[in-house]
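The structure appears below as structure tokens.
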Amino acid sequence: MDGAVLYFLFQILVGLLLLTFLVVIHELGHAIVARRNGIVVEEFGIGFPPKLAGVYLKNGVLFTINWLPLGGFVKMQGENDSASKKGDYGAASMGVKTKVLLAGVGMNWLFAILALSVLAIIGFPKVLPNQFTVPMDTKEVETPLKVTYIDSSSPASKIGLKVNDKIVSVAGQKIVNAKDLVRVTSANQGKKVEVKYDRDGQTFAVFVQLRYMPSSSKGVLGVATSTQTVRYSTWSAPIVGIGTTAQFSYVTLKGLGDLVGKLVGGISAQFSGDQATKEKGSKELSAAGNSVGGPLSIIGVFFPAAQTAGVSTLLFLTAIISLTLAVMNVLPIPALDGGRLFLTYLFKAIRKPLTKELEEKIVGYSFMGLMALVVVITVADVFKIQAL
């Protein structure tokens, strides 16, 4: 097994560990609040069964390490809403149940705030046009032009240019942004020019024969590039952390709403007798599918790419996934925290008992539907990764 494969596997392992960490702190929130409010916590597990090892802690909680490293769980006594013994979750007041169920969400939001606060100090990438900041304590820096893609048959490929190399100058002219690169290379198409680039802090200078634009639709040099605005804060970092967490949570919720709208609209359009409407619906379904990334995409594509880009990008991605977990768990989906809370309040409002059997059916069917969706998204992820 060569070094590249080993490094890729290492990147996947890091992604898996970070995702597990985010789920574990979510479950830890449930466990801490439950115990502080008199609910008996029977087991706290990292990963999912079958069990690898376990030990009873001094507080009587069984702590387990399990074989499936896909998150974690907390098992409370009497978890169904109709349980009534002392120490049961079901016997707790509505206020306590609300705090317990929302504690996991709170932990994910808290982590996002801390991570984004750290980013505000070490360098926060600007990804939204109106991204929250404190103007009087914000310094903006434009990062060097970085190569993000190289056409395999291009001049750039022939001189050994690699992804993440930073282009410094072309034909003796300083390159600051993508417009500079297009302008200079277009003016020198067909000519042999010097390209200076930075790789890991070391500058290289090579000569390359540029292509003629009419003969190529992939550019004269044959690269795709990107530059980024990075913001730095000092005393306002915690404020930026809170503000951006709220802003990105709203954007995530809005994005989920748009996704559902496209799915519903796309599916509905398929039943129309009008061909134009059907085609429009197909495009909406395709757009919805392309915008969804499941666990495989996150672990196998997004995390390795983020690690390659640097620590700040990896921290940013982890924070975004953490607040996405928080937003998802607030939604009234019965298999998730918000859904369980919704069921509890719904049956209290209609003054009907939520029996153990009924609750298990609702949550069970919802969970099956959620898992089916995960399977569909994962299959789609496989095709996306194969296409990369």
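Letters for chains follow the order of the structure tokens (A, B, ...), residue numbers begin at 1 for each chain, and ligand numbers begin at 1 in the order shown.
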
Every residue of stretch 114-255 of chain A that DSSP places in helix (DSSP H, G or I), as a PyMOL selection string: chain A and resi 114-122+135-137+155-158+178-187+213-215+237-255

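Residue neighbourhood of A:Leu181, excluding near-sequence residues (fewer than 4 positions): Leu145, Ile167, Val168, Ser169, Val170, Gln173, Lys174, Ile175, Val176, Asn177, Thr185, Ser186, Ala187, Val220, Leu221, Val223 and Thr225 of chain A, at 10 Å, using only C-alpha atoms.
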
Go through stretch 58-149 of chain A and flag each residue having an atom no more than 8 Å from stretch 244-260 of chain A; for those, report the closest pair of atoms plus their distance in Å to one decimal, using only C-alpha atoms, ordered by chain and rising number, as a Markdown table.
```
| residue | atom | partner | partner_atom | distance |
| --- | --- | --- | --- | --- |
| A:Trp109 | CA | A:Thr245 | CA | 7.3 |
| A:Ala112 | CA | A:Thr245 | CA | 6.4 |
| A:Ile113 | CA | A:Thr245 | CA | 5.9 |
| A:Leu116 | CA | A:Thr245 | CA | 7.4 |
| A:Gln131 | CA | A:Thr244 | CA | 7.1 |
| A:Phe132 | CA | A:Thr244 | CA | 5.6 |
| A:Thr133 | CA | A:Thr244 | CA | 7.8 |
```

Please, could you write that set of residues out with N, CA and C atoms as a PDB file, in the first residue's frame?
```pdb
ATOM      1  N   TRP A 109     -24.162  23.599  19.452  1.00  0.00           N
ATOM      2  CA  TRP A 109     -24.077  25.037  19.204  1.00  0.00           C
ATOM      3  C   TRP A 109     -22.918  25.661  19.990  1.00  0.00           C
ATOM      4  N   ALA A 112     -19.739  24.942  18.226  1.00  0.00           N
ATOM      5  CA  ALA A 112     -19.629  25.792  17.035  1.00  0.00           C
ATOM      6  C   ALA A 112     -19.192  27.205  17.420  1.00  0.00           C
ATOM      7  N   ILE A 113     -19.756  27.735  18.502  1.00  0.00           N
ATOM      8  CA  ILE A 113     -19.386  29.082  18.965  1.00  0.00           C
ATOM      9  C   ILE A 113     -17.903  29.132  19.341  1.00  0.00           C
ATOM     10  N   LEU A 116     -15.696  28.741  16.104  1.00  0.00           N
ATOM     11  CA  LEU A 116     -15.723  29.933  15.258  1.00  0.00           C
ATOM     12  C   LEU A 116     -15.066  31.128  15.960  1.00  0.00           C
ATOM     13  N   GLN A 131     -21.326  38.414   5.822  1.00  0.00           N
ATOM     14  CA  GLN A 131     -20.907  37.642   6.990  1.00  0.00           C
ATOM     15  C   GLN A 131     -20.671  38.535   8.205  1.00  0.00           C
ATOM     16  N   PHE A 132     -21.200  38.088   9.347  1.00  0.00           N
ATOM     17  CA  PHE A 132     -21.137  38.867  10.579  1.00  0.00           C
ATOM     18  C   PHE A 132     -19.695  39.117  11.013  1.00  0.00           C
ATOM     19  N   THR A 133     -19.436  40.320  11.445  1.00  0.00           N
ATOM     20  CA  THR A 133     -18.147  40.667  12.045  1.00  0.00           C
ATOM     21  C   THR A 133     -18.315  41.948  12.846  1.00  0.00           C
TER      22      THR A 133
END
```

Every residue of stretch 15-82 of chain A that DSSP places in strand (DSSP E or B), as a ChimeraX atom specification: /A:41-56,62-76

With N, CA and C atoms retained, export the selected residues as an mmCIF file, in the first residue's frame.
```
data_model
loop_
_atom_site.group_PDB
_atom_site.id
_atom_site.type_symbol
_atom_site.label_atom_id
_atom_site.label_comp_id
_atom_site.auth_asym_id
_atom_site.auth_seq_id
_atom_site.Cartn_x
_atom_site.Cartn_y
_atom_site.Cartn_z
ATOM 1 N N VAL A 41 -29.059 7.756 34.461
ATOM 2 C CA VAL A 41 -28.373 7.437 33.202
ATOM 3 C C VAL A 41 -27.750 6.062 33.366
ATOM 4 N N GLU A 42 -28.226 5.105 32.591
ATOM 5 C CA GLU A 42 -27.770 3.726 32.739
ATOM 6 C C GLU A 42 -26.476 3.447 31.952
ATOM 7 N N GLU A 43 -26.372 4.029 30.762
ATOM 8 C CA GLU A 43 -25.190 3.741 29.928
ATOM 9 C C GLU A 43 -24.849 4.944 29.048
ATOM 10 N N PHE A 44 -23.550 5.172 28.894
ATOM 11 C CA PHE A 44 -23.061 6.175 27.950
ATOM 12 C C PHE A 44 -22.056 5.476 27.051
ATOM 13 N N GLY A 45 -22.351 5.451 25.750
ATOM 14 C CA GLY A 45 -21.504 4.701 24.837
ATOM 15 C C GLY A 45 -20.877 5.548 23.747
ATOM 16 N N ILE A 46 -19.639 5.243 23.425
ATOM 17 C CA ILE A 46 -18.975 5.829 22.269
ATOM 18 C C ILE A 46 -18.998 4.777 21.168
ATOM 19 N N GLY A 47 -19.543 5.138 19.994
ATOM 20 C CA GLY A 47 -19.777 4.160 18.948
ATOM 21 C C GLY A 47 -21.080 3.431 19.223
ATOM 22 N N PHE A 48 -21.433 2.500 18.348
ATOM 23 C CA PHE A 48 -22.666 1.741 18.497
ATOM 24 C C PHE A 48 -22.360 0.256 18.626
ATOM 25 N N PRO A 49 -23.235 -0.495 19.361
ATOM 26 C CA PRO A 49 -23.002 -1.925 19.583
ATOM 27 C C PRO A 49 -22.805 -2.681 18.274
ATOM 28 N N PRO A 50 -22.108 -3.824 18.339
ATOM 29 C CA PRO A 50 -21.754 -4.605 19.532
ATOM 30 C C PRO A 50 -20.657 -3.971 20.383
ATOM 31 N N LYS A 51 -20.726 -4.291 21.694
ATOM 32 C CA LYS A 51 -19.823 -3.693 22.662
ATOM 33 C C LYS A 51 -18.419 -4.284 22.551
ATOM 34 N N LEU A 52 -17.431 -3.403 22.594
ATOM 35 C CA LEU A 52 -16.026 -3.818 22.610
ATOM 36 C C LEU A 52 -15.526 -3.938 24.040
ATOM 37 N N ALA A 53 -15.822 -2.930 24.855
ATOM 38 C CA ALA A 53 -15.387 -2.935 26.256
ATOM 39 C C ALA A 53 -16.293 -2.010 27.053
ATOM 40 N N GLY A 54 -16.363 -2.261 28.354
ATOM 41 C CA GLY A 54 -17.202 -1.427 29.207
ATOM 42 C C GLY A 54 -16.722 -1.422 30.640
ATOM 43 N N VAL A 55 -17.014 -0.324 31.345
ATOM 44 C CA VAL A 55 -16.630 -0.224 32.744
ATOM 45 C C VAL A 55 -17.661 0.651 33.457
ATOM 46 N N TYR A 56 -17.968 0.287 34.709
ATOM 47 C CA TYR A 56 -18.892 1.094 35.509
ATOM 48 C C TYR A 56 -18.125 2.239 36.161
ATOM 49 N N LEU A 62 -22.706 2.957 33.222
ATOM 50 C CA LEU A 62 -21.893 2.022 32.446
ATOM 51 C C LEU A 62 -21.326 2.769 31.239
ATOM 52 N N PHE A 63 -20.001 2.886 31.187
ATOM 53 C CA PHE A 63 -19.343 3.556 30.064
ATOM 54 C C PHE A 63 -18.825 2.488 29.108
ATOM 55 N N THR A 64 -19.237 2.548 27.844
ATOM 56 C CA THR A 64 -18.854 1.513 26.896
ATOM 57 C C THR A 64 -18.170 2.085 25.655
ATOM 58 N N ILE A 65 -17.276 1.288 25.108
ATOM 59 C CA ILE A 65 -16.672 1.550 23.794
ATOM 60 C C ILE A 65 -17.217 0.466 22.867
ATOM 61 N N ASN A 66 -17.771 0.868 21.738
ATOM 62 C CA ASN A 66 -18.446 -0.075 20.857
ATOM 63 C C ASN A 66 -17.771 -0.162 19.490
ATOM 64 N N TRP A 67 -18.097 -1.211 18.763
ATOM 65 C CA TRP A 67 -17.377 -1.534 17.534
ATOM 66 C C TRP A 67 -17.669 -0.597 16.371
ATOM 67 N N LEU A 68 -18.878 -0.046 16.275
ATOM 68 C CA LEU A 68 -19.227 0.789 15.129
ATOM 69 C C LEU A 68 -18.943 2.255 15.448
ATOM 70 N N PRO A 69 -17.853 2.807 14.912
ATOM 71 C CA PRO A 69 -17.431 4.177 15.270
ATOM 72 C C PRO A 69 -18.210 5.243 14.512
ATOM 73 N N LEU A 70 -19.497 5.301 14.764
ATOM 74 C CA LEU A 70 -20.353 6.224 14.016
ATOM 75 C C LEU A 70 -21.061 7.212 14.926
ATOM 76 N N GLY A 71 -20.468 7.502 16.060
ATOM 77 C CA GLY A 71 -21.095 8.466 16.972
ATOM 78 C C GLY A 71 -21.105 7.957 18.387
ATOM 79 N N GLY A 72 -22.256 8.036 19.035
ATOM 80 C CA GLY A 72 -22.379 7.596 20.411
ATOM 81 C C GLY A 72 -23.825 7.645 20.849
ATOM 82 N N PHE A 73 -24.090 7.253 22.096
ATOM 83 C CA PHE A 73 -25.471 7.234 22.586
ATOM 84 C C PHE A 73 -25.491 7.331 24.102
ATOM 85 N N VAL A 74 -26.641 7.727 24.626
ATOM 86 C CA VAL A 74 -26.872 7.711 26.064
ATOM 87 C C VAL A 74 -28.180 6.956 26.312
ATOM 88 N N LYS A 75 -28.150 6.061 27.271
ATOM 89 C CA LYS A 75 -29.342 5.271 27.617
ATOM 90 C C LYS A 75 -29.819 5.692 29.002
ATOM 91 N N MET A 76 -31.024 6.249 29.046
ATOM 92 C CA MET A 76 -31.601 6.692 30.310
ATOM 93 C C MET A 76 -32.652 5.693 30.789
#
```

Near-A:Thr138 list (7 Å; only C-alpha atoms; drop same-chain fewer than 6 positions) as a ChimeraX atom specification: /A:231-233

Pull C-alpha atoms from the residues just selected and write them as a PDB file, in the first residue's frame.
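What follows is the written file again08.pdb:
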```pdb
ATOM      1  CA  ARG A 231     -10.700  38.076   8.555  1.00  0.00           C
ATOM      2  CA  TYR A 232      -8.833  38.428  11.853  1.00  0.00           C
ATOM      3  CA  SER A 233     -10.288  39.657  15.154  1.00  0.00           C
TER       4      SER A 233
END
```

Distance query stretch 85-97 of chain A at most 10 Å, only C-alpha atoms, self and fewer than 6 positions along chain excluded, as number ranges by chain: A: 30, 33-41, 76-79, 103, 340-341, 344-345, 348, 356

Shell of 8 Å around A:Leu102, only C-alpha atoms, local chain residues under 6 positions omitted, as a list of chain:residue names: A:His30, A:Val330, A:Asp337, A:Gly338

Spatial neighbours of A:Phe316, max dist 10 Å, only C-alpha atoms, sep filter under 6 positions, as a PyMOL selection string: chain A and resi 112+115-116+118-119+124-125+306+322

Those residues you just picked out, can you put them in a file as an mmCIF file, in the first residue's frame with C-alpha atoms?
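out.cif, freshly written:
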```cif
data_model
loop_
_atom_site.group_PDB
_atom_site.id
_atom_site.type_symbol
_atom_site.label_atom_id
_atom_site.label_comp_id
_atom_site.auth_asym_id
_atom_site.auth_seq_id
_atom_site.Cartn_x
_atom_site.Cartn_y
_atom_site.Cartn_z
ATOM 1 C CA ALA A 112 -19.629 25.792 17.035
ATOM 2 C CA ALA A 115 -14.617 26.835 17.178
ATOM 3 C CA LEU A 116 -15.723 29.933 15.258
ATOM 4 C CA VAL A 118 -10.960 30.493 17.646
ATOM 5 C CA LEU A 119 -11.246 30.946 13.867
ATOM 6 C CA PHE A 124 -11.867 33.295 9.554
ATOM 7 C CA PRO A 125 -12.615 32.731 5.833
ATOM 8 C CA ALA A 306 -10.410 20.373 4.302
ATOM 9 C CA SER A 322 -21.707 20.775 14.466
#
```

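Interatomic distance, atom CA of A:Asn188 to atom CA of A:Gln228: 25.9 Å.
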